[in-house]
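Next up, run24.txt (compact mmCIF, C-alpha atoms and all ligand atoms):
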```txt
# COMPACT_ATOMS: atom_id res chain seq x y z
CA MET A 19 -53.28 28.48 -8.98
CA THR A 20 -50.88 29.91 -6.42
CA SER A 21 -47.94 27.65 -5.78
CA ALA A 22 -47.68 26.09 -2.35
CA PRO A 23 -45.42 28.06 0.01
CA ALA A 24 -41.88 26.79 -0.05
CA ARG A 25 -41.08 24.45 2.81
CA GLU A 26 -38.70 25.60 5.52
CA PRO A 27 -35.14 24.68 4.57
CA GLY A 28 -33.33 22.04 6.56
CA VAL A 29 -30.08 23.29 8.08
CA ARG A 30 -27.42 20.91 9.37
CA VAL A 31 -24.28 22.29 10.98
CA CYS A 32 -21.45 19.77 10.78
CA ALA A 33 -18.26 19.92 12.83
CA ARG A 34 -15.95 19.78 9.80
CA PRO A 35 -16.01 19.95 5.99
CA ASP A 36 -15.54 16.17 5.65
CA GLU A 37 -18.78 15.67 7.56
CA VAL A 38 -20.48 18.07 5.16
CA HIS A 39 -19.23 15.96 2.25
CA ARG A 40 -20.41 12.71 3.83
CA ALA A 41 -23.85 14.12 4.66
CA ALA A 42 -24.10 15.33 1.05
CA ALA A 43 -23.08 11.89 -0.26
CA GLU A 44 -25.80 10.30 1.88
CA ALA A 45 -28.36 12.79 0.55
CA TRP A 46 -27.16 11.97 -3.00
CA ALA A 47 -27.60 8.24 -2.32
CA ARG A 48 -31.14 8.73 -0.97
CA ALA A 49 -32.12 10.90 -3.93
CA ALA A 50 -30.63 8.44 -6.42
CA ALA A 51 -32.41 5.44 -4.88
CA GLU A 52 -35.75 7.24 -4.88
CA ALA A 53 -35.38 8.51 -8.44
CA VAL A 54 -34.25 5.22 -9.97
CA GLY A 55 -36.90 3.32 -8.04
CA ALA A 56 -39.66 5.68 -9.17
CA ARG A 57 -38.52 6.76 -12.62
CA GLY A 58 -35.70 4.48 -13.70
CA ARG A 59 -33.05 7.22 -13.74
CA PHE A 60 -31.42 9.85 -11.52
CA THR A 61 -30.72 13.37 -12.76
CA VAL A 62 -28.27 15.55 -10.82
CA ALA A 63 -26.79 19.01 -11.47
CA LEU A 64 -23.30 19.51 -10.06
CA ALA A 65 -21.84 22.64 -8.51
CA GLY A 66 -18.45 23.97 -9.38
CA GLY A 67 -15.87 25.77 -7.28
CA LEU A 68 -13.80 24.17 -4.53
CA THR A 69 -16.26 23.02 -1.85
CA PRO A 70 -18.03 20.19 -3.71
CA ARG A 71 -14.74 18.53 -4.80
CA GLY A 72 -14.62 16.72 -1.44
CA LEU A 73 -18.09 15.29 -2.09
CA TYR A 74 -17.17 14.12 -5.58
CA GLU A 75 -13.94 12.51 -4.35
CA LEU A 76 -15.83 10.74 -1.54
CA LEU A 77 -18.41 9.34 -3.99
CA ALA A 78 -15.54 7.96 -6.10
CA ARG A 79 -13.38 6.75 -3.19
CA ASP A 80 -15.76 5.14 -0.68
CA PRO A 81 -17.02 1.71 -1.85
CA VAL A 82 -20.31 2.38 -0.07
CA PHE A 83 -20.99 4.95 -2.79
CA ARG A 84 -18.70 3.92 -5.66
CA GLU A 85 -20.04 0.39 -5.76
CA ARG A 86 -23.65 0.89 -4.70
CA LEU A 87 -24.86 3.99 -6.48
CA PRO A 88 -26.76 3.50 -9.78
CA TRP A 89 -24.09 5.11 -12.00
CA GLY A 90 -25.45 3.43 -15.15
CA ARG A 91 -28.80 5.17 -14.60
CA THR A 92 -27.36 8.51 -13.47
CA HIS A 93 -27.41 11.59 -15.71
CA VAL A 94 -25.02 14.35 -14.70
CA PHE A 95 -25.42 18.00 -15.58
CA TRP A 96 -23.89 21.24 -14.26
CA GLY A 97 -25.56 24.16 -12.50
CA ASP A 98 -23.11 26.53 -14.13
CA GLU A 99 -19.84 26.76 -16.01
CA ARG A 100 -17.07 29.22 -16.55
CA HIS A 101 -16.68 30.30 -20.19
CA VAL A 102 -13.58 28.19 -20.76
CA PRO A 103 -12.83 24.95 -22.68
CA PRO A 104 -13.46 21.64 -20.89
CA ASP A 105 -9.75 21.03 -20.26
CA HIS A 106 -9.15 24.48 -18.74
CA PRO A 107 -8.01 24.55 -15.06
CA ASP A 108 -11.06 26.72 -14.20
CA SER A 109 -13.56 24.36 -15.84
CA ASN A 110 -16.23 22.96 -13.50
CA TYR A 111 -16.55 20.03 -15.89
CA ARG A 112 -12.81 19.29 -15.64
CA MET A 113 -12.95 19.36 -11.84
CA ALA A 114 -15.87 16.90 -11.72
CA ARG A 115 -14.28 14.67 -14.37
CA GLU A 116 -11.03 14.45 -12.37
CA ALA A 117 -12.69 14.03 -8.95
CA LEU A 118 -15.57 11.72 -9.90
CA LEU A 119 -16.60 11.02 -13.48
CA SER A 120 -13.34 9.39 -14.56
CA ARG A 121 -13.52 7.09 -11.52
CA VAL A 122 -17.08 5.68 -11.66
CA PRO A 123 -18.87 3.67 -14.40
CA ILE A 124 -21.16 6.43 -15.66
CA PRO A 125 -21.87 6.14 -19.40
CA ALA A 126 -20.31 8.98 -21.42
CA ALA A 127 -23.72 9.61 -23.00
CA ASN A 128 -25.07 10.42 -19.51
CA VAL A 129 -22.59 13.26 -18.94
CA HIS A 130 -24.20 16.47 -20.20
CA ARG A 131 -21.56 19.16 -19.85
CA ILE A 132 -22.14 22.81 -20.74
CA PRO A 133 -20.29 23.33 -24.08
CA ALA A 134 -18.44 26.38 -22.79
CA GLU A 135 -15.92 26.24 -25.64
CA LEU A 136 -18.65 27.76 -27.84
CA PRO A 137 -19.36 31.51 -27.95
CA GLU A 138 -21.18 32.46 -24.75
CA VAL A 139 -24.77 32.79 -25.98
CA ALA A 140 -24.41 29.75 -28.26
CA ALA A 141 -23.16 27.69 -25.31
CA ALA A 142 -26.20 28.65 -23.23
CA ALA A 143 -28.56 27.89 -26.13
CA ALA A 144 -26.94 24.52 -26.79
CA TYR A 145 -27.16 23.54 -23.12
CA GLU A 146 -30.81 24.61 -23.03
CA ARG A 147 -31.48 22.36 -26.02
CA THR A 148 -29.79 19.49 -24.21
CA LEU A 149 -32.03 20.02 -21.17
CA ARG A 150 -35.16 20.10 -23.30
CA THR A 151 -34.10 16.93 -25.11
CA VAL A 152 -33.00 14.86 -22.11
CA PHE A 153 -35.98 15.93 -19.97
CA GLU A 154 -38.32 15.63 -22.98
CA LEU A 155 -39.66 19.15 -22.46
CA GLY A 156 -41.93 21.26 -24.60
CA PRO A 157 -41.10 24.90 -25.37
CA ALA A 158 -42.37 26.11 -21.97
CA GLY A 159 -41.29 23.12 -19.91
CA VAL A 160 -38.94 23.31 -16.93
CA PRO A 161 -36.74 20.32 -16.00
CA ARG A 162 -37.28 18.79 -12.57
CA PHE A 163 -33.86 17.65 -11.40
CA ASP A 164 -33.89 14.90 -8.81
CA LEU A 165 -30.99 16.67 -7.11
CA VAL A 166 -29.19 20.00 -7.53
CA ILE A 167 -25.91 20.51 -5.66
CA LEU A 168 -25.08 24.18 -5.06
CA GLY A 169 -22.37 26.18 -3.37
CA MET A 170 -22.47 29.78 -2.22
CA GLY A 171 -19.91 32.55 -2.57
CA LYS A 172 -19.13 34.96 0.26
CA ASP A 173 -21.20 37.53 -1.66
CA GLY A 174 -24.20 35.21 -1.58
CA HIS A 175 -24.00 34.14 -5.23
CA THR A 176 -24.90 30.61 -6.22
CA ALA A 177 -24.32 28.77 -9.48
CA SER A 178 -23.38 31.77 -11.61
CA LEU A 179 -26.22 33.94 -10.34
CA PHE A 180 -24.51 36.93 -8.79
CA PRO A 181 -25.98 39.84 -6.79
CA GLY A 182 -27.60 42.39 -9.11
CA ALA A 183 -27.21 40.20 -12.19
CA GLY A 184 -29.78 40.35 -14.93
CA ALA A 185 -29.77 36.54 -14.91
CA LEU A 186 -31.65 36.65 -11.59
CA LEU A 187 -34.67 38.10 -13.41
CA GLU A 188 -34.76 35.48 -16.17
CA ARG A 189 -37.99 33.50 -16.04
CA ASP A 190 -38.32 32.17 -19.60
CA HIS A 191 -34.95 30.66 -20.42
CA LEU A 192 -33.55 27.64 -18.61
CA VAL A 193 -29.95 28.75 -19.17
CA VAL A 194 -28.37 32.18 -19.50
CA ALA A 195 -24.93 33.54 -20.40
CA GLU A 196 -23.86 36.74 -18.69
CA ARG A 197 -20.66 38.68 -18.26
CA VAL A 198 -20.15 38.82 -14.50
CA ALA A 199 -18.41 42.01 -13.35
CA ALA A 200 -17.52 40.44 -9.98
CA VAL A 201 -15.29 37.89 -11.68
CA GLY A 202 -14.52 39.85 -14.86
CA ALA A 203 -15.60 36.97 -17.06
CA TRP A 204 -18.53 35.36 -18.81
CA ARG A 205 -20.44 32.62 -17.04
CA ILE A 206 -23.19 30.23 -18.17
CA SER A 207 -25.80 29.31 -15.54
CA LEU A 208 -29.08 27.57 -14.90
CA THR A 209 -31.75 30.11 -14.04
CA LEU A 210 -33.85 30.35 -10.86
CA PRO A 211 -36.91 28.65 -12.41
CA VAL A 212 -34.77 25.56 -12.99
CA LEU A 213 -33.15 25.61 -9.55
CA ASN A 214 -36.54 26.13 -7.90
CA GLY A 215 -38.14 23.40 -9.97
CA ALA A 216 -35.86 20.73 -8.48
CA ALA A 217 -37.09 17.91 -6.26
CA ARG A 218 -34.13 18.46 -3.95
CA VAL A 219 -31.52 21.20 -3.60
CA VAL A 220 -28.52 20.67 -1.32
CA PHE A 221 -26.20 23.58 -0.56
CA LEU A 222 -22.65 22.85 0.60
CA VAL A 223 -21.11 25.81 2.44
CA THR A 224 -17.89 25.75 4.44
CA GLY A 225 -15.43 28.30 5.77
CA GLU A 226 -15.65 31.36 7.96
CA GLU A 227 -15.62 33.72 4.98
CA LYS A 228 -19.16 32.49 4.17
CA ALA A 229 -20.57 33.09 7.68
CA ALA A 230 -21.92 36.61 7.09
CA ALA A 231 -23.68 35.73 3.84
CA LEU A 232 -25.05 32.51 5.32
CA SER A 233 -26.45 34.37 8.29
CA ALA A 234 -28.19 36.82 5.93
CA VAL A 235 -29.56 34.07 3.71
CA LEU A 236 -30.85 31.82 6.49
CA GLY A 237 -31.62 34.53 9.03
CA ALA A 238 -34.60 36.82 9.39
CA GLU A 239 -33.74 38.70 6.19
CA GLY A 240 -34.06 35.52 4.10
CA SER A 241 -35.11 36.25 0.54
CA SER A 242 -35.51 39.95 1.41
CA SER A 243 -31.72 40.01 1.63
CA GLY A 244 -31.78 39.91 -2.17
CA LEU A 245 -28.85 37.52 -2.11
CA PRO A 246 -29.12 35.02 -4.98
CA ALA A 247 -28.69 31.99 -2.71
CA ALA A 248 -31.69 33.18 -0.67
CA LEU A 249 -33.83 33.11 -3.81
CA VAL A 250 -33.37 29.36 -4.16
CA ARG A 251 -36.51 28.00 -2.49
CA PRO A 252 -37.87 24.98 -4.40
CA ALA A 253 -41.63 25.47 -4.61
CA ASP A 254 -42.30 21.74 -4.46
CA GLY A 255 -39.03 20.28 -3.32
CA GLU A 256 -36.66 19.80 -0.42
CA LEU A 257 -33.98 22.34 0.47
CA LEU A 258 -31.09 21.29 2.68
CA TRP A 259 -28.16 23.42 3.79
CA LEU A 260 -25.10 21.44 4.84
CA VAL A 261 -22.64 23.80 6.47
CA ASP A 262 -19.61 23.46 8.70
CA LYS A 263 -19.23 25.20 12.07
CA ALA A 264 -17.08 27.96 10.63
CA ALA A 265 -19.66 28.93 8.01
CA GLY A 266 -22.48 28.53 10.54
CA ALA A 267 -20.79 30.59 13.25
CA LEU A 268 -23.20 33.53 12.91
CA LEU A 269 -26.42 31.55 12.59
CA ALA A 270 -29.03 32.23 15.23
CA ARG A 271 -29.55 29.31 17.59
CA GLY A 272 -32.96 28.43 16.19
CA VAL A 273 -31.64 28.22 12.66
CA SER A 274 -28.62 26.09 13.43
CA GLU A 275 -30.76 23.53 15.26
CA ARG A 276 -33.25 23.25 12.38
CA SER A 277 -32.03 20.05 10.87
CA ARG A 278 -33.69 17.41 8.83
C1 LIG A 301 -18.60 28.19 -9.53
C2 LIG A 301 -19.70 27.69 -8.62
C3 LIG A 301 -20.02 28.77 -7.66
C4 LIG A 301 -19.51 28.26 -6.33
C5 LIG A 301 -19.34 29.38 -5.36
C6 LIG A 301 -18.64 28.87 -4.08
O1 LIG A 301 -18.68 28.01 -10.76
O2 LIG A 301 -17.63 28.72 -8.96
O3 LIG A 301 -20.74 27.17 -9.23
O4 LIG A 301 -21.36 29.13 -7.53
O5 LIG A 301 -20.43 27.30 -5.82
O6 LIG A 301 -18.52 30.36 -5.97
O7 LIG A 301 -17.39 28.40 -4.47
P1 LIG A 301 -16.42 27.65 -3.43
O8 LIG A 301 -17.10 26.36 -3.12
O9 LIG A 301 -15.13 27.47 -4.19
O10 LIG A 301 -16.29 28.55 -2.22
```

Go through the file and emit its structure as structure tokens.
Amino acid sequence: MTSAPAREPGVRVCARPDEVHRAAAEAWARAAAEAVGARGRFTVALAGGLTPRGLYELLARDPVFRERLPWGRTHVFWGDERHVPPDHPDSNYRMAREALLSRVPIPAANVHRIPAELPEVAAAAAYERTLRTVFELGPAGVPRFDLVILGMGKDGHTASLFPGAGALLERDHLVVAERVAAVGAWRISLTLPVLNGAARVVFLVTGEEKAAALSAVLGAEGSSSGLPAALVRPADGELLWLVDKAAGALLARGVSERSR
């Protein structure tokens, strides 16, 4: 059975990064309410890097979110991780713990970090086992996250899926470890089947250095651009791009008005 064509992505251009963070927090709240109402829990995969920190800090700071979101029924995962220990300054887990997880009442058992202190391939295998256990998957199952938060590099990478990487071709494993030449280090990442199996994917992109890649990803080239971020098109899920004016500066008029 051919899968239904992916829906057109929603694109919202916000005046400033703080508006991107608030729009993302509102999308998080909607996804959490729907998931807990329908399934009794909310599963979310966090992005690393700098951009999403503002979202995490807002969720922890603003009582509208800190006090009303279903933290006790929320399960947090990561879309990718650097191959460093959890207390390393580059750790995506450490950033989320500092900005959010240490400031909201989420049970420790609901925080499923990538064990990046292990050897690379073992870390990926262990995280894949965690996904299969928590999502109660069989050997060929793919988790359906209620929400995946992603960023995008100026080269069009997302999670730790970089242009030309072998990880982009992975269709069997849920998680891969790969040495990334662009950063001169190993990374562990969810694969495209997992990202595209999500119920909702929200990209957060800010800054003028992202404008060219964003224009390629959301413009006429789209997935033919070959940029990893353009390959994230949930087959049966929502895709929302939350960008600031600087990152959206090169978007064609029709694209920048396409908002959900
Ligand atoms: C990471 C992220 C990565 C990030 C982009 C954008 O581990 O670094 O998962 O994919 O989203 O590199 O990073 P910034 O938000 O810092 O620009």

Ligand LIG 301 (chain A): axis-aligned bounding box, 4 Å on each side, centre and edge lengths in Å, one decimal, as JSON:
```
{"center_x": -18.2, "center_y": 28.4, "center_z": -6.5, "size_x": 14.2, "size_y": 12.0, "size_z": 16.5}
```

Study note, to complete from the structure: A:Glu226 proximity check over A:Asp262, A:Arg57, A:Ala248, A:Val273, using all atoms listed in the file: winner is A:Asp262

Practice item. All residues within 9 Å of ligand LIG 301 (chain A) are required, counting only C-alpha atoms and all ligand atoms; please report them as number ranges by chain. Key: A: 64-71, 96-100, 108-110, 167-180, 205-207, 221-225, 227-228

Revision key, fill the gap. From the list A:Val212, A:Arg91, A:Glu239, A:Asp164, the nearest residue to A:Leu149 using all atoms listed in the file is A:Val212

Exercise for review: Using only C-alpha atoms, determine which residues lie at most 10 Å from A:Val129, disregarding the query and same-chain residues fewer than 2 positions distant; provide the list as a PyMOL selection string.
Suggested key: chain A and resi 92-96+111+115+119+124-127+131-132

Check your understanding: Using only C-alpha atoms, which of A:Val219, A:Val194, A:Val122, A:Val62 sits nearest A:Phe83?
Key -> A:Val122

Exercise for review: Could you please determine the separation between atom CA of A:Arg218 and atom CA of A:Leu165 in Å, to one decimal place?
Suggested key: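 Going from atom CA of A:Arg218 over to atom CA of A:Leu165 covers 4.8 Å.
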
Point to revise | Residue among A:Pro246, A:Gly90, A:Gly156, A:Gly240 lying closest to A:Ala185, counting all atoms listed in the file | key: A:Pro246

Point to revise | Distance query stretch 250-258 of chain A at most 10 Å, all atoms listed in the file, self and fewer than 2 positions along chain excluded, as a ChimeraX atom specification | key: /A:21-30,42,45,162-168,176,210-222,235,241,245-248,260-261,277-278

Review point. For A:Gly272, which of A:Ala199, A:Pro103, A:Val31, A:Val160 is the closest residue, counting only C-alpha atoms?
Key: A:Val31
